[in-house]
$ cat start.cif   # mmCIF, C-alpha atoms
data_data
loop_
_atom_site.label_atom_id
_atom_site.label_comp_id
_atom_site.auth_asym_id
_atom_site.auth_seq_id
_atom_site.Cartn_x
_atom_site.Cartn_y
_atom_site.Cartn_z
CA MET A 18 112.38 -47.79 113.75
CA ALA A 19 110.60 -50.87 112.50
CA HIS A 20 107.60 -49.99 110.32
CA ASP A 21 106.51 -53.61 109.94
CA HIS A 22 106.22 -56.38 112.45
CA LYS A 23 109.14 -58.81 112.34
CA HIS A 24 108.22 -62.46 112.09
CA GLY A 25 110.25 -63.46 115.13
CA ASP A 26 108.72 -60.87 117.47
CA PRO A 27 105.80 -61.72 119.74
CA LEU A 28 102.55 -60.07 118.69
CA PRO A 29 100.98 -57.52 121.05
CA GLU A 30 97.98 -58.79 123.03
CA THR A 31 95.52 -56.55 121.16
CA VAL A 32 96.74 -57.85 117.79
CA LEU A 33 96.40 -61.43 118.99
CA ARG A 34 92.83 -60.79 120.15
CA VAL A 35 91.88 -59.19 116.83
CA LYS A 36 93.43 -62.06 114.88
CA SER A 37 91.60 -64.60 117.05
CA LEU A 38 88.30 -62.82 116.45
CA GLU A 39 89.02 -62.60 112.74
CA SER A 40 89.81 -66.33 112.57
CA LEU A 41 86.63 -67.17 114.46
CA LEU A 42 84.45 -65.08 112.16
CA ILE A 43 86.00 -66.70 109.10
CA GLU A 44 85.74 -70.19 110.61
CA LYS A 45 82.03 -69.67 111.41
CA GLY A 46 81.45 -68.52 107.85
CA LEU A 47 80.27 -65.08 108.99
CA VAL A 48 82.84 -63.27 106.89
CA GLU A 49 85.14 -64.19 104.01
CA ALA A 50 88.86 -63.57 104.35
CA ASP A 51 89.12 -61.82 100.97
CA ALA A 52 86.19 -59.55 101.78
CA LEU A 53 87.71 -58.64 105.13
CA ASP A 54 91.10 -57.88 103.57
CA ALA A 55 89.43 -55.74 100.91
CA LEU A 56 87.46 -53.81 103.53
CA ILE A 57 90.55 -53.09 105.61
CA ASP A 58 92.51 -52.00 102.53
CA ARG A 59 89.64 -49.76 101.45
CA TYR A 60 89.53 -47.84 104.71
CA GLU A 61 93.25 -47.83 105.43
CA ASN A 62 94.56 -46.87 102.01
CA LYS A 63 91.70 -45.62 99.85
CA VAL A 64 88.56 -44.07 101.30
CA GLY A 65 89.99 -42.32 104.36
CA PRO A 66 93.20 -40.85 102.94
CA LYS A 67 91.38 -39.76 99.78
CA ASN A 68 89.03 -37.72 101.95
CA GLY A 69 91.93 -35.90 103.57
CA ALA A 70 93.64 -35.43 100.21
CA LYS A 71 90.56 -33.62 98.88
CA VAL A 72 90.65 -31.28 101.86
CA VAL A 73 94.35 -30.52 101.37
CA ALA A 74 93.97 -29.95 97.63
CA ARG A 75 91.11 -27.52 98.27
CA ALA A 76 93.26 -25.64 100.80
CA TRP A 77 96.02 -25.36 98.19
CA VAL A 78 93.78 -23.75 95.57
CA ASP A 79 91.14 -21.88 97.59
CA PRO A 80 92.47 -19.17 99.94
CA GLU A 81 89.07 -18.66 101.60
CA PHE A 82 88.68 -22.36 102.35
CA ARG A 83 92.28 -22.47 103.57
CA GLU A 84 91.48 -19.68 106.04
CA ARG A 85 88.40 -21.55 107.28
CA LEU A 86 90.38 -24.77 107.60
CA PHE A 87 93.02 -23.27 109.86
CA ALA A 88 90.41 -21.35 111.85
CA ASP A 89 88.09 -24.33 112.44
CA ALA A 90 89.16 -27.56 110.77
CA THR A 91 86.20 -29.56 112.07
CA ALA A 92 83.71 -27.22 110.41
CA ALA A 93 85.75 -26.83 107.21
CA VAL A 94 86.13 -30.59 106.78
CA ALA A 95 82.39 -31.02 107.41
CA GLU A 96 81.79 -28.94 104.26
CA PHE A 97 82.88 -32.08 102.37
CA GLY A 98 80.55 -34.26 104.44
CA PHE A 99 83.48 -35.75 106.38
CA SER A 100 82.57 -35.89 110.06
CA GLY A 101 81.68 -38.25 112.85
CA ALA A 102 83.48 -40.38 115.40
CA GLN A 103 87.22 -39.70 115.79
CA GLY A 104 86.87 -36.40 113.99
CA GLU A 105 84.86 -34.23 116.36
CA GLU A 106 87.70 -31.88 117.33
CA LEU A 107 90.11 -31.53 114.41
CA ILE A 108 92.97 -29.06 114.10
CA ALA A 109 94.79 -28.40 110.81
CA LEU A 110 98.55 -27.82 110.94
CA GLU A 111 100.37 -26.00 108.14
CA ASN A 112 103.75 -27.18 106.90
CA THR A 113 105.84 -24.34 105.51
CA ASP A 114 109.41 -23.72 104.37
CA GLN A 115 110.27 -22.91 108.00
CA VAL A 116 108.16 -25.39 109.99
CA HIS A 117 107.46 -29.10 109.57
CA ASN A 118 104.69 -30.69 111.66
CA VAL A 119 104.40 -34.36 112.51
CA VAL A 120 101.66 -36.08 114.51
CA VAL A 121 101.77 -38.89 117.06
CA CYS A 122 99.58 -40.28 119.81
CA THR A 123 101.91 -41.15 122.67
CA LEU A 124 99.26 -42.85 124.84
CA CYS A 125 97.43 -45.02 122.31
CA SER A 126 96.47 -44.38 118.68
CA CYS A 127 94.11 -41.40 118.52
CA TYR A 128 93.71 -40.62 114.84
CA PRO A 129 91.33 -38.59 112.59
CA TRP A 130 89.42 -41.42 110.95
CA PRO A 131 87.02 -39.28 108.85
CA VAL A 132 89.92 -37.77 106.88
CA LEU A 133 92.64 -40.43 107.11
CA GLY A 134 90.81 -43.75 107.47
CA LEU A 135 92.32 -46.46 109.67
CA PRO A 136 95.66 -45.71 111.36
CA PRO A 137 98.66 -47.54 109.90
CA VAL A 138 100.32 -50.24 112.01
CA TRP A 139 103.48 -48.17 112.53
CA TYR A 140 101.47 -45.23 113.90
CA LYS A 141 100.20 -47.47 116.70
CA SER A 142 103.59 -49.04 117.40
CA ALA A 143 105.43 -48.31 120.63
CA PRO A 144 108.72 -47.44 118.86
CA TYR A 145 107.12 -44.71 116.73
CA ARG A 146 105.11 -43.30 119.63
CA ALA A 147 108.20 -43.04 121.83
CA ARG A 148 110.91 -42.12 119.36
CA VAL A 149 109.20 -39.46 117.25
CA VAL A 150 108.94 -37.29 120.37
CA ARG A 151 112.58 -37.74 121.39
CA GLU A 152 114.27 -37.79 117.99
CA PRO A 153 111.80 -36.61 115.34
CA ARG A 154 114.41 -35.81 112.68
CA LYS A 155 115.90 -39.29 112.86
CA VAL A 156 112.48 -40.93 112.65
CA LEU A 157 111.52 -38.75 109.68
CA GLU A 158 114.74 -39.71 107.92
CA GLU A 159 113.76 -43.35 108.32
CA PHE A 160 110.61 -42.51 106.37
CA GLY A 161 112.80 -40.91 103.69
CA THR A 162 112.01 -37.34 104.79
CA HIS A 163 115.17 -35.25 105.04
CA LEU A 164 114.67 -31.72 106.32
CA PRO A 165 117.05 -28.73 106.27
CA ASP A 166 118.95 -28.22 109.51
CA ASP A 167 117.37 -24.81 110.03
CA MET A 168 113.79 -26.06 109.68
CA GLU A 169 111.82 -26.29 112.92
CA VAL A 170 110.15 -29.64 113.63
CA ARG A 171 107.01 -29.58 115.76
CA VAL A 172 105.60 -32.81 117.19
CA TRP A 173 101.89 -32.79 118.05
CA ASP A 174 100.39 -35.33 120.45
CA SER A 175 96.85 -36.40 119.53
CA THR A 176 94.38 -37.12 122.30
CA ALA A 177 90.86 -38.51 122.59
CA GLU A 178 89.64 -34.90 122.49
CA THR A 179 91.88 -33.41 119.79
CA ARG A 180 93.22 -34.84 116.55
CA TYR A 181 95.39 -33.26 113.88
CA LEU A 182 95.57 -33.06 110.09
CA VAL A 183 98.86 -31.90 108.56
CA VAL A 184 98.51 -29.81 105.42
CA PRO A 185 101.77 -30.55 103.59
CA THR A 186 103.62 -27.93 101.60
CA ARG A 187 102.36 -27.77 98.04
CA PRO A 188 105.06 -29.32 95.85
CA GLU A 189 106.93 -27.32 93.27
CA GLY A 190 105.82 -27.79 89.68
CA SER A 191 102.15 -28.29 90.60
CA ASP A 192 100.89 -24.82 89.62
CA ASP A 193 99.14 -26.05 86.47
CA LEU A 194 97.35 -28.99 88.13
CA ASP A 195 93.65 -28.90 88.91
CA GLU A 196 92.22 -29.81 92.30
CA GLU A 197 91.65 -33.46 91.43
CA ALA A 198 95.21 -33.91 90.18
CA LEU A 199 96.60 -32.14 93.24
CA ALA A 200 94.75 -34.54 95.54
CA GLU A 201 96.64 -37.41 93.90
CA LEU A 202 99.88 -35.93 95.24
CA VAL A 203 98.68 -36.10 98.85
CA SER A 204 99.36 -39.33 100.74
CA ARG A 205 98.18 -40.51 104.13
CA ASP A 206 101.73 -40.23 105.47
CA SER A 207 102.08 -36.64 104.26
CA MET A 208 98.97 -35.76 106.27
CA ILE A 209 100.53 -37.33 109.37
CA GLY A 210 103.75 -35.48 108.60
CA THR A 211 106.14 -38.38 108.18
CA LYS A 212 106.46 -37.69 104.45
CA MET A 213 106.13 -34.81 102.03
CA ALA A 214 103.50 -34.49 99.31
CA GLU A 215 104.55 -36.20 96.10
CA SER A 216 106.10 -34.18 93.31
CA PRO A 217 104.09 -34.18 90.07
CA VAL A 218 105.28 -36.56 87.38
CA LYS A 219 106.86 -34.66 84.52
CA PRO A 220 105.56 -35.58 81.04
#

$ encode --input "start.cif" --output "structure tokens"
Amino acid sequence: MAHDHKHGDPLPETVLRVKSLESLLIEKGLVEADALDALIDRYENKVGPKNGAKVVARAWVDPEFRERLFADATAAVAEFGFSGAQGEELIALENTDQVHNVVVCTLCSCYPWPVLGLPPVWYKSAPYRARVVREPRKVLEEFGTHLPDDMEVRVWDSTAETRYLVVPTRPEGSDDLDEEALAELVSRDSMIGTKMAESPVKP
């Protein structure tokens, strides 16, 4: 599965339209290219995923919050002030030693923006959307996620009405970390289910 667009491939129509609009805004002096790049990076890699990471870290250390999260993720996430468009109906999925969850949107790119920010390019790509349903283990291996043969893999299809947040398994060796440090182990991809939470760095 290609995670990045290859230079020789034709760009999808939507991407072309966005790039045309971006070029026009820059050409008219309405926005600076560096500012636009910084804004996209902020929401794709920083603000959004950090919100979700805080939620996961809290679930790892607070059994009562964890129970609320799996009972009503929308309400539990709202306790942090994370709510709004693309996050109205949120369901939390628990990864365990027996079950690994991974999320896709087979029709378009439905995604929980309040907790994960902007969806990555590969999440919106046709190859990921088609293949992760048919051959999830192979796709996960391409992300570097190798699961035991006896572990069940569940693929969840997001819709305009329902979106999912994967709570990854807490990594071994993280017992002594506080909530803030635990959040640093949680990546955007681990909350989609294509990767595991990071292992803590040993001193």

$ residues_near_point --input "start.cif" --point "(90.8, -36.4, 107.4)" --cutoff "7 Å" --atoms "only C-alpha atoms" --output "ChimeraX atom specification"
/A:65-66,68-69,129-133,182

$ write_last_selection --input "start.cif" --atoms "C-alpha atoms" --output "compact mmCIF listing (two decimals), in the frame of the given file"
# COMPACT_ATOMS: atom_id res chain seq x y z
CA GLY A 65 89.99 -42.32 104.36
CA PRO A 66 93.20 -40.85 102.94
CA ASN A 68 89.03 -37.72 101.95
CA GLY A 69 91.93 -35.90 103.57
CA PRO A 129 91.33 -38.59 112.59
CA TRP A 130 89.42 -41.42 110.95
CA PRO A 131 87.02 -39.28 108.85
CA VAL A 132 89.92 -37.77 106.88
CA LEU A 133 92.64 -40.43 107.11
CA LEU A 182 95.57 -33.06 110.09

$ atom_distance --input "start.cif" --atom1 "atom CA of A:Leu135" --atom2 "atom CA of A:Asp79"
27.4 Å

$ closest_residue --input "start.cif" --among "A:Leu199, A:Ile108, A:Cys127, A:Val183" --to "A:Arg171" --atoms "all atoms listed in the file"
A:Val183

$ axis_aligned_box --input "start.cif" --around "stretch 206-213 of chain A" --padding-each-side "5 Å" --output "lines of an AutoDock Vina configuration file"
center_x = 102.7
center_y = -37.5
center_z = 105.7
size_x = 17.5
size_y = 15.4
size_z = 17.3

$ closest_residue --input "start.cif" --among "A:Lys155, A:Lys219, A:Lys141, A:His117" --to "A:Asp167" --atoms "all atoms listed in the file"
A:His117

$ closest_residue --input "start.cif" --among "A:Thr186, A:Thr91, A:Ser142, A:Ser216" --to "A:Val116" --atoms "all atoms listed in the file"
A:Thr186

$ residues_around --input "start.cif" --residues "A:Val78" --least-positions-apart "6" --cutoff "12 Å" --atoms "only C-alpha atoms" --output "list of chain:residue names"
A:Lys71, A:Val72, A:Glu84, A:Arg187, A:Ser191, A:Asp192, A:Asp193, A:Leu194, A:Asp195, A:Glu196, A:Glu197, A:Ala198, A:Leu199, A:Ala200

$ atom_distance --input "start.cif" --atom1 "atom CA of A:Ala143" --atom2 "atom CA of A:Leu124"
9.3 Å

$ atom_distance --input "start.cif" --atom1 "atom CA of A:Ala70" --atom2 "atom CA of A:Glu111"
14.0 Å

$ residues_near_point --input "start.cif" --point "(94.6, -27.8, 108.5)" --cutoff "10 Å" --atoms "only C-alpha atoms" --output "list in words"
Gly69, Val72, Val73, Ala76, Arg83, Glu84, Arg85, Leu86, Phe87, Ala88, Asp89, Ala90, Thr91, Ala93, Val94, Leu107, Ile108, Ala109, Leu110, Glu111, Asn112, Tyr181, Leu182, Val183, Val184, Pro185 and Met208 of chain A

$ closest_residue --input "start.cif" --among "A:Leu164, A:Val172, A:Ala74, A:Val156" --to "A:Thr123" --atoms "only C-alpha atoms"
A:Val172

$ closest_residue --input "start.cif" --among "A:Thr211, A:Tyr145, A:Pro137, A:Arg205" --to "A:Val170" --atoms "only C-alpha atoms"
A:Thr211
